[in-house]
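Asker: File model.pdb below, PDB, C-alpha atoms, pLDDT in the B column:
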```pdb
ATOM      1  CA  MET A  42     -43.449  46.418  71.442  1.00 91.00           C
ATOM      2  CA  SER A  43     -45.548  45.504  68.403  1.00 96.00           C
ATOM      3  CA  THR A  44     -48.919  43.846  68.232  1.00 97.00           C
ATOM      4  CA  VAL A  45     -48.994  40.604  66.274  1.00 97.00           C
ATOM      5  CA  LYS A  46     -52.394  39.524  64.984  1.00 93.00           C
ATOM      6  CA  ILE A  47     -52.707  35.780  65.150  1.00 92.00           C
ATOM      7  CA  PRO A  48     -54.945  34.130  62.540  1.00 87.00           C
ATOM      8  CA  PRO A  49     -57.216  31.277  63.696  1.00 82.00           C
ATOM      9  CA  VAL A  50     -54.842  28.668  62.270  1.00 84.00           C
ATOM     10  CA  LEU A  51     -52.079  29.740  64.677  1.00 90.00           C
ATOM     11  CA  ARG A  52     -54.166  30.642  67.709  1.00 90.00           C
ATOM     12  CA  GLN A  53     -53.848  27.275  69.386  1.00 89.00           C
ATOM     13  CA  ALA A  54     -50.082  27.717  69.184  1.00 92.00           C
ATOM     14  CA  VAL A  55     -50.298  30.888  71.290  1.00 94.00           C
ATOM     15  CA  GLY A  56     -52.838  29.615  73.797  1.00 94.00           C
ATOM     16  CA  GLY A  57     -55.903  30.882  71.975  1.00 93.00           C
ATOM     17  CA  GLU A  58     -54.987  34.581  71.869  1.00 94.00           C
ATOM     18  CA  ARG A  59     -56.108  36.717  68.921  1.00 91.00           C
ATOM     19  CA  THR A  60     -53.194  39.113  69.388  1.00 95.00           C
ATOM     20  CA  VAL A  61     -49.904  38.994  71.250  1.00 96.00           C
ATOM     21  CA  GLU A  62     -47.515  41.795  72.152  1.00 96.00           C
ATOM     22  CA  VAL A  63     -43.945  41.087  71.083  1.00 97.00           C
ATOM     23  CA  THR A  64     -40.726  43.074  71.468  1.00 96.00           C
ATOM     24  CA  GLY A  65     -38.331  43.655  68.604  1.00 97.00           C
ATOM     25  CA  GLU A  66     -37.137  46.524  66.453  1.00 97.00           C
ATOM     26  CA  THR A  67     -37.561  44.803  63.089  1.00 97.00           C
ATOM     27  CA  VAL A  68     -39.984  42.324  61.571  1.00 97.00           C
ATOM     28  CA  GLY A  69     -37.281  39.661  61.828  1.00 95.00           C
ATOM     29  CA  GLU A  70     -36.682  40.337  65.530  1.00 96.00           C
ATOM     30  CA  VAL A  71     -40.400  40.287  66.300  1.00 97.00           C
ATOM     31  CA  LEU A  72     -40.844  36.967  64.485  1.00 96.00           C
ATOM     32  CA  THR A  73     -37.801  35.460  66.212  1.00 95.00           C
ATOM     33  CA  ASN A  74     -39.077  36.583  69.624  1.00 96.00           C
ATOM     34  CA  LEU A  75     -42.591  35.338  68.843  1.00 97.00           C
ATOM     35  CA  CYS A  76     -41.241  31.912  67.881  1.00 96.00           C
ATOM     36  CA  ASP A  77     -39.031  31.845  71.004  1.00 95.00           C
ATOM     37  CA  GLN A  78     -42.051  32.629  73.195  1.00 95.00           C
ATOM     38  CA  HIS A  79     -44.335  30.255  71.326  1.00 95.00           C
ATOM     39  CA  PRO A  80     -42.268  27.449  69.768  1.00 94.00           C
ATOM     40  CA  ALA A  81     -45.425  25.872  68.309  1.00 92.00           C
ATOM     41  CA  VAL A  82     -45.733  28.928  66.062  1.00 94.00           C
ATOM     42  CA  GLY A  83     -42.184  28.421  64.857  1.00 93.00           C
ATOM     43  CA  SER A  84     -42.864  24.829  63.910  1.00 89.00           C
ATOM     44  CA  GLN A  85     -45.665  26.044  61.651  1.00 90.00           C
ATOM     45  CA  ILE A  86     -44.116  29.063  59.960  1.00 93.00           C
ATOM     46  CA  LEU A  87     -40.371  28.315  59.866  1.00 92.00           C
ATOM     47  CA  THR A  88     -38.480  25.922  57.623  1.00 89.00           C
ATOM     48  CA  PRO A  89     -36.282  23.245  59.251  1.00 87.00           C
ATOM     49  CA  ASP A  90     -33.389  25.716  58.716  1.00 90.00           C
ATOM     50  CA  GLY A  91     -35.146  28.323  60.837  1.00 88.00           C
ATOM     51  CA  GLU A  92     -36.013  30.609  57.918  1.00 89.00           C
ATOM     52  CA  LEU A  93     -39.484  32.019  57.456  1.00 92.00           C
ATOM     53  CA  HIS A  94     -41.299  29.746  55.014  1.00 93.00           C
ATOM     54  CA  LYS A  95     -41.577  31.146  51.492  1.00 91.00           C
ATOM     55  CA  TYR A  96     -45.342  30.671  51.609  1.00 94.00           C
ATOM     56  CA  VAL A  97     -45.885  32.553  54.852  1.00 95.00           C
ATOM     57  CA  ASN A  98     -46.824  36.191  54.326  1.00 94.00           C
ATOM     58  CA  VAL A  99     -46.286  38.959  56.851  1.00 96.00           C
ATOM     59  CA  TYR A 100     -48.093  42.278  56.785  1.00 95.00           C
ATOM     60  CA  VAL A 101     -47.037  45.390  58.676  1.00 97.00           C
ATOM     61  CA  ASN A 102     -49.982  47.733  59.165  1.00 96.00           C
ATOM     62  CA  ASP A 103     -51.637  45.989  56.198  1.00 90.00           C
ATOM     63  CA  GLU A 104     -48.588  46.428  53.936  1.00 94.00           C
ATOM     64  CA  ASP A 105     -46.898  43.324  52.579  1.00 93.00           C
ATOM     65  CA  ALA A 106     -43.571  43.207  54.442  1.00 96.00           C
ATOM     66  CA  ARG A 107     -41.879  41.669  51.401  1.00 93.00           C
ATOM     67  CA  LEU A 108     -42.641  44.887  49.551  1.00 94.00           C
ATOM     68  CA  LEU A 109     -41.154  46.940  52.390  1.00 96.00           C
ATOM     69  CA  GLN A 110     -37.774  45.878  53.757  1.00 96.00           C
ATOM     70  CA  TRP A 111     -38.923  42.338  54.525  1.00 94.00           C
ATOM     71  CA  THR A 112     -37.399  41.098  57.787  1.00 94.00           C
ATOM     72  CA  ASP A 113     -35.377  44.330  58.129  1.00 96.00           C
ATOM     73  CA  THR A 114     -38.552  46.451  58.151  1.00 97.00           C
ATOM     74  CA  PRO A 115     -38.413  48.581  61.306  1.00 97.00           C
ATOM     75  CA  VAL A 116     -41.373  48.200  63.665  1.00 97.00           C
ATOM     76  CA  GLY A 117     -42.230  49.539  67.072  1.00 93.00           C
ATOM     77  CA  GLU A 118     -44.921  50.789  69.393  1.00 93.00           C
ATOM     78  CA  GLY A 119     -48.263  51.050  67.635  1.00 93.00           C
ATOM     79  CA  ASP A 120     -47.347  48.821  64.692  1.00 97.00           C
ATOM     80  CA  THR A 121     -49.443  45.772  63.924  1.00 97.00           C
ATOM     81  CA  LEU A 122     -48.043  42.681  62.266  1.00 97.00           C
ATOM     82  CA  MET A 123     -50.190  39.986  60.708  1.00 94.00           C
ATOM     83  CA  ILE A 124     -48.875  36.534  59.930  1.00 94.00           C
ATOM     84  CA  LEU A 125     -50.686  34.804  57.137  1.00 93.00           C
ATOM     85  CA  PRO A 126     -49.704  31.324  55.970  1.00 94.00           C
ATOM     86  CA  ALA A 127     -50.637  30.959  52.311  1.00 95.00           C
ATOM     87  CA  MET A 128     -53.355  28.751  51.010  1.00 96.00           C
ATOM     88  CA  ALA A 129     -51.492  27.079  48.217  1.00 97.00           C
ATOM     89  CA  GLY A 130     -50.720  23.813  46.535  1.00 96.00           C
ATOM     90  CA  GLY A 131     -50.682  22.304  43.135  1.00 87.00           C
ATOM     91  CA  GLU A 132     -50.999  19.328  40.925  1.00 80.00           C
ATOM     92  CA  ARG A 133     -47.215  19.094  40.575  1.00 69.00           C
TER      93      ARG A 133
ATOM     94  CA  MET B  17     -68.407  17.209  55.601  1.00 97.00           C
ATOM     95  CA  LYS B  18     -71.924  17.915  54.501  1.00 98.00           C
ATOM     96  CA  LEU B  19     -71.997  19.783  51.216  1.00 98.00           C
ATOM     97  CA  PRO B  20     -75.358  20.835  49.803  1.00 98.00           C
ATOM     98  CA  GLU B  21     -75.629  19.970  46.111  1.00 98.00           C
ATOM     99  CA  SER B  22     -75.977  23.634  45.119  1.00 98.00           C
ATOM    100  CA  LEU B  23     -72.618  24.394  46.748  1.00 98.00           C
ATOM    101  CA  ALA B  24     -70.970  21.375  45.102  1.00 98.00           C
ATOM    102  CA  GLU B  25     -72.248  22.718  41.787  1.00 98.00           C
ATOM    103  CA  GLN B  26     -70.720  26.137  42.568  1.00 98.00           C
ATOM    104  CA  VAL B  27     -67.330  24.553  43.231  1.00 98.00           C
ATOM    105  CA  ILE B  28     -67.495  22.548  40.002  1.00 98.00           C
ATOM    106  CA  ALA B  29     -68.648  25.600  38.025  1.00 98.00           C
ATOM    107  CA  HIS B  30     -65.699  27.589  39.416  1.00 98.00           C
ATOM    108  CA  ALA B  31     -63.261  24.817  38.452  1.00 97.00           C
ATOM    109  CA  ARG B  32     -64.706  24.702  34.926  1.00 97.00           C
ATOM    110  CA  ALA B  33     -64.624  28.499  34.580  1.00 97.00           C
ATOM    111  CA  GLU B  34     -60.918  28.619  35.482  1.00 96.00           C
ATOM    112  CA  PHE B  35     -59.920  25.612  33.375  1.00 96.00           C
ATOM    113  CA  PRO B  36     -57.181  24.978  32.260  1.00 95.00           C
ATOM    114  CA  ASN B  37     -55.873  26.806  35.346  1.00 96.00           C
ATOM    115  CA  GLU B  38     -56.488  25.577  38.840  1.00 96.00           C
ATOM    116  CA  CYS B  39     -59.189  27.363  40.801  1.00 97.00           C
ATOM    117  CA  CYS B  40     -59.257  27.956  44.547  1.00 98.00           C
ATOM    118  CA  GLY B  41     -61.603  29.238  47.204  1.00 98.00           C
ATOM    119  CA  LEU B  42     -63.027  28.824  50.671  1.00 98.00           C
ATOM    120  CA  ILE B  43     -66.061  27.008  52.010  1.00 98.00           C
ATOM    121  CA  ALA B  44     -67.616  28.530  55.129  1.00 98.00           C
ATOM    122  CA  GLY B  45     -70.165  26.969  57.414  1.00 98.00           C
ATOM    123  CA  HIS B  46     -70.730  25.625  60.881  1.00 97.00           C
ATOM    124  CA  GLY B  47     -68.903  22.563  62.154  1.00 95.00           C
ATOM    125  CA  ASP B  48     -68.808  20.162  59.239  1.00 95.00           C
ATOM    126  CA  VAL B  49     -71.816  21.668  57.470  1.00 98.00           C
ATOM    127  CA  ALA B  50     -70.979  23.898  54.526  1.00 98.00           C
ATOM    128  CA  THR B  51     -73.244  26.886  54.005  1.00 97.00           C
ATOM    129  CA  ARG B  52     -71.483  29.031  51.416  1.00 97.00           C
ATOM    130  CA  VAL B  53     -68.763  28.935  48.804  1.00 98.00           C
ATOM    131  CA  LEU B  54     -66.367  31.873  48.486  1.00 98.00           C
ATOM    132  CA  PRO B  55     -64.440  31.701  45.207  1.00 98.00           C
ATOM    133  CA  THR B  56     -61.067  33.465  45.231  1.00 98.00           C
ATOM    134  CA  THR B  57     -58.414  34.444  42.718  1.00 98.00           C
ATOM    135  CA  ASN B  58     -55.583  32.029  41.989  1.00 97.00           C
ATOM    136  CA  ALA B  59     -52.715  34.527  42.109  1.00 96.00           C
ATOM    137  CA  GLU B  60     -50.465  31.985  40.424  1.00 92.00           C
ATOM    138  CA  GLY B  61     -52.894  31.492  37.544  1.00 89.00           C
ATOM    139  CA  THR B  62     -51.445  28.282  36.147  1.00 91.00           C
ATOM    140  CA  PRO B  63     -52.725  24.757  35.436  1.00 92.00           C
ATOM    141  CA  PHE B  64     -50.238  23.319  37.939  1.00 92.00           C
ATOM    142  CA  MET B  65     -50.381  25.484  41.021  1.00 95.00           C
ATOM    143  CA  TYR B  66     -52.707  27.562  43.112  1.00 97.00           C
ATOM    144  CA  VAL B  67     -51.812  30.346  45.494  1.00 97.00           C
ATOM    145  CA  MET B  68     -54.839  32.107  46.874  1.00 97.00           C
ATOM    146  CA  ASP B  69     -54.601  35.868  46.496  1.00 96.00           C
ATOM    147  CA  PRO B  70     -53.340  36.777  49.994  1.00 93.00           C
ATOM    148  CA  ARG B  71     -55.451  39.936  50.273  1.00 90.00           C
ATOM    149  CA  GLU B  72     -58.629  38.062  49.418  1.00 95.00           C
ATOM    150  CA  GLN B  73     -57.604  35.280  51.772  1.00 95.00           C
ATOM    151  CA  MET B  74     -57.054  37.723  54.617  1.00 89.00           C
ATOM    152  CA  GLU B  75     -60.314  39.582  54.022  1.00 92.00           C
ATOM    153  CA  LEU B  76     -62.424  36.433  53.690  1.00 95.00           C
ATOM    154  CA  MET B  77     -60.849  34.731  56.712  1.00 90.00           C
ATOM    155  CA  ASP B  78     -61.594  37.865  58.749  1.00 86.00           C
ATOM    156  CA  ALA B  79     -65.159  38.009  57.414  1.00 92.00           C
ATOM    157  CA  ILE B  80     -65.763  34.346  58.241  1.00 93.00           C
ATOM    158  CA  ASP B  81     -64.261  34.813  61.700  1.00 85.00           C
ATOM    159  CA  GLU B  82     -66.254  37.964  62.420  1.00 88.00           C
ATOM    160  CA  ALA B  83     -69.507  36.375  61.183  1.00 93.00           C
ATOM    161  CA  GLY B  84     -69.039  33.640  63.763  1.00 92.00           C
ATOM    162  CA  GLU B  85     -68.715  31.038  61.020  1.00 95.00           C
ATOM    163  CA  ASP B  86     -66.156  28.305  60.654  1.00 93.00           C
ATOM    164  CA  LEU B  87     -63.738  27.892  57.796  1.00 94.00           C
ATOM    165  CA  VAL B  88     -64.931  24.417  56.827  1.00 97.00           C
ATOM    166  CA  ALA B  89     -62.682  23.867  53.828  1.00 98.00           C
ATOM    167  CA  ILE B  90     -60.142  25.269  51.415  1.00 98.00           C
ATOM    168  CA  TYR B  91     -60.852  24.025  47.907  1.00 98.00           C
ATOM    169  CA  HIS B  92     -58.903  23.851  44.687  1.00 98.00           C
ATOM    170  CA  SER B  93     -59.109  21.996  41.424  1.00 97.00           C
ATOM    171  CA  HIS B  94     -56.938  19.402  39.760  1.00 96.00           C
ATOM    172  CA  THR B  95     -57.414  19.704  36.049  1.00 94.00           C
ATOM    173  CA  ARG B  96     -55.457  16.674  34.906  1.00 93.00           C
ATOM    174  CA  SER B  97     -55.162  14.381  37.871  1.00 95.00           C
ATOM    175  CA  ALA B  98     -57.345  12.643  40.407  1.00 96.00           C
ATOM    176  CA  ALA B  99     -58.960  14.359  43.376  1.00 97.00           C
ATOM    177  CA  TYR B 100     -56.115  13.346  45.676  1.00 97.00           C
ATOM    178  CA  PRO B 101     -53.531  15.600  47.365  1.00 97.00           C
ATOM    179  CA  SER B 102     -50.246  16.010  45.505  1.00 96.00           C
ATOM    180  CA  LYS B 103     -46.886  16.213  47.244  1.00 95.00           C
ATOM    181  CA  THR B 104     -47.057  20.013  46.872  1.00 95.00           C
ATOM    182  CA  ASP B 105     -50.549  20.083  48.351  1.00 97.00           C
ATOM    183  CA  VAL B 106     -49.248  18.344  51.466  1.00 96.00           C
ATOM    184  CA  GLU B 107     -46.051  20.398  51.733  1.00 93.00           C
ATOM    185  CA  LEU B 108     -48.007  23.647  51.634  1.00 95.00           C
ATOM    186  CA  ALA B 109     -50.868  22.566  53.886  1.00 95.00           C
ATOM    187  CA  PHE B 110     -50.399  25.057  56.715  1.00 93.00           C
ATOM    188  CA  PHE B 111     -53.969  24.694  57.887  1.00 91.00           C
ATOM    189  CA  ASP B 112     -54.780  21.654  59.991  1.00 84.00           C
ATOM    190  CA  GLN B 113     -58.331  22.575  60.950  1.00 85.00           C
ATOM    191  CA  PRO B 114     -60.176  23.199  57.698  1.00 94.00           C
ATOM    192  CA  LEU B 115     -60.452  20.343  55.255  1.00 97.00           C
ATOM    193  CA  TYR B 116     -58.736  20.489  51.910  1.00 98.00           C
ATOM    194  CA  VAL B 117     -61.325  19.837  49.236  1.00 98.00           C
ATOM    195  CA  ILE B 118     -60.126  18.860  45.777  1.00 98.00           C
ATOM    196  CA  VAL B 119     -62.361  18.878  42.720  1.00 98.00           C
ATOM    197  CA  SER B 120     -60.964  16.887  39.827  1.00 97.00           C
ATOM    198  CA  LEU B 121     -61.821  17.629  36.215  1.00 97.00           C
ATOM    199  CA  GLN B 122     -59.716  14.710  35.000  1.00 95.00           C
ATOM    200  CA  ASP B 123     -62.946  13.292  33.571  1.00 95.00           C
ATOM    201  CA  ALA B 124     -64.523  16.521  32.376  1.00 90.00           C
ATOM    202  CA  ASP B 125     -68.007  15.001  32.214  1.00 93.00           C
ATOM    203  CA  SER B 126     -67.861  13.549  35.717  1.00 96.00           C
ATOM    204  CA  PRO B 127     -66.092  15.866  38.153  1.00 97.00           C
ATOM    205  CA  VAL B 128     -65.102  14.272  41.443  1.00 98.00           C
ATOM    206  CA  ILE B 129     -65.066  16.066  44.812  1.00 98.00           C
ATOM    207  CA  ARG B 130     -63.131  14.601  47.740  1.00 98.00           C
ATOM    208  CA  ALA B 131     -62.019  16.049  51.074  1.00 98.00           C
ATOM    209  CA  PHE B 132     -58.880  15.466  53.109  1.00 98.00           C
ATOM    210  CA  ARG B 133     -57.317  16.483  56.353  1.00 97.00           C
ATOM    211  CA  LEU B 134     -53.660  17.262  55.708  1.00 96.00           C
ATOM    212  CA  ALA B 135     -50.884  17.255  58.301  1.00 92.00           C
ATOM    213  CA  ARG B 136     -47.664  18.440  56.670  1.00 90.00           C
ATOM    214  CA  SER B 137     -45.491  17.822  59.713  1.00 86.00           C
ATOM    215  CA  ALA B 138     -46.773  14.280  60.355  1.00 91.00           C
ATOM    216  CA  PRO B 139     -44.605  11.294  59.431  1.00 93.00           C
ATOM    217  CA  GLU B 140     -44.844  10.162  55.828  1.00 89.00           C
ATOM    218  CA  GLY B 141     -47.821   7.873  55.371  1.00 92.00           C
ATOM    219  CA  GLU B 142     -49.808   9.697  58.046  1.00 95.00           C
ATOM    220  CA  GLN B 143     -50.115  13.087  56.389  1.00 96.00           C
ATOM    221  CA  ILE B 144     -53.300  12.490  54.398  1.00 97.00           C
ATOM    222  CA  THR B 145     -56.606  11.429  55.931  1.00 97.00           C
ATOM    223  CA  GLU B 146     -59.656  11.295  53.710  1.00 98.00           C
ATOM    224  CA  GLU B 147     -62.910  12.610  55.154  1.00 98.00           C
ATOM    225  CA  PRO B 148     -66.275  11.682  53.655  1.00 98.00           C
ATOM    226  CA  VAL B 149     -68.135  14.293  51.607  1.00 98.00           C
ATOM    227  CA  GLU B 150     -71.915  13.969  51.839  1.00 98.00           C
ATOM    228  CA  ILE B 151     -73.464  15.797  48.911  1.00 96.00           C
ATOM    229  CA  SER B 152     -77.217  16.142  49.365  1.00 90.00           C
TER     230      SER B 152
END
```
Here is a file; write its structure as structure tokens.
Answerer:
Amino acid sequence: MSTVKIPPVLRQAVGGERTVEVTGETVGEVLTNLCDQHPAVGSQILTPDGELHKYVNVYVNDEDARLLQWTDTPVGEGDTLMILPAMAGGER
Amino acid sequence: MKLPESLAEQVIAHARAEFPNECCGLIAGHGDVATRVLPTTNAEGTPFMYVMDPREQMELMDAIDEAGEDLVAIYHSHTRSAAYPSKTDVELAFFDQPLYVIVSLQDADSPVIRAFRLARSAPEGEQITEEPVEIS
């Protein structure tokens, strides 16, 4: 069971909670289970194909998961995940 | 949103300092009243795109949250086009609560600041809603 920190932008999607406890042995499993439990989160962070959006960052204990083993990064009891949609855009 | 003139000047100064690249940052406050501007690093560092440095974003969002403030707006500059959201701006608008403020330097002598609420998952034609910016 990992703790997932929910930023303000996603809190409404999880009923206002700042953190939620989610099962899963990897980052990918935790995110899948989180989106299954809270489909409104999925609609914000997943692409229509069900992949995690390129501009959504995930941190495991403050480390960028993309610099670890991305969705294969093992997680468990005592680990904290943070989901952080990017603030991005552009003229083109 | 209500934007004190001194804060509007900070946003414009940031846009000019980063030119020709786009700048980006946060505007904190209470409700629709802006009280401070928090410039951030554009990790992309190009004239056509902004991606807020994720570490800075995380730290500032936490600081705003812990200070009991609201994230009133996310701002960025358009250096060559009008202060209106681009297709990319809408596609990457994950945040539905804060406003998206755009400062345009298209006319370098007369920068324009406008604010929008963006809804990326809304049907086309309903994704962009302009909100008035009262600079005083």
Asker: Given only C-alpha atoms as the basis, pick out the residue of B:Glu147, B:Glu38, B:Glu142, B:Asp86 nearest to Ile129 in chain B.
Answerer: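 Counting only C-alpha atoms, the residue closest to Ile129 in chain B is B:Glu147.
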Asker: With chain B as the partner and 7 Å as the cut-off, tabulate the residues of chain A that qualify, each row holding the nearest pair of atoms and their distance in Å to one decimal, using only C-alpha atoms, sorted by chain and rising number, as a Markdown table.
Answerer:
```
| residue | atom | partner | partner_atom | distance |
| --- | --- | --- | --- | --- |
| A:Val50 | CA | B:Phe111 | CA | 6.0 |
| A:Gln85 | CA | B:Phe110 | CA | 6.9 |
| A:Pro126 | CA | B:Phe110 | CA | 6.3 |
| A:Ala127 | CA | B:Pro70 | CA | 6.8 |
| A:Met128 | CA | B:Met68 | CA | 5.5 |
| A:Ala129 | CA | B:Val67 | CA | 4.3 |
| A:Gly130 | CA | B:Asp105 | CA | 4.2 |
| A:Gly131 | CA | B:Met65 | CA | 3.8 |
| A:Glu132 | CA | B:Phe64 | CA | 5.0 |
| A:Arg133 | CA | B:Phe64 | CA | 5.8 |
```
Asker: Written as a VMD selection string, which residues does the PyMOL selection byres ((chain A and resi 47) around 6) give for the file shown?
Answerer: chain A and resid 46 48 52 59 to 60
Asker: Would you mind telling me which residue in B:Val117, B:Ser152, B:Ala83, B:Glu34 lies nearest to Ala131 in chain B when using all atoms listed in the file?
Answerer: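 Nearest to Ala131 in chain B: B:Val117.
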Asker: Is there a way to get, as a list of chain:residue names, all residues within 9 Å of the point (-62.6, 20.3, 36.2) in file coordinates, counting all atoms listed in the file?
Answerer: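 Those residues lying close to the given coordinates are B:Ile28, B:Ala29, B:His30, B:Ala31, B:Arg32, B:Ala33, B:Glu34, B:Phe35, B:Pro36, B:Glu38, B:Ser93, B:His94, B:Thr95, B:Arg96, B:Val119, B:Ser120, B:Leu121, B:Gln122, B:Asp123, B:Ala124, B:Asp125, B:Ser126, B:Pro127, B:Val128.
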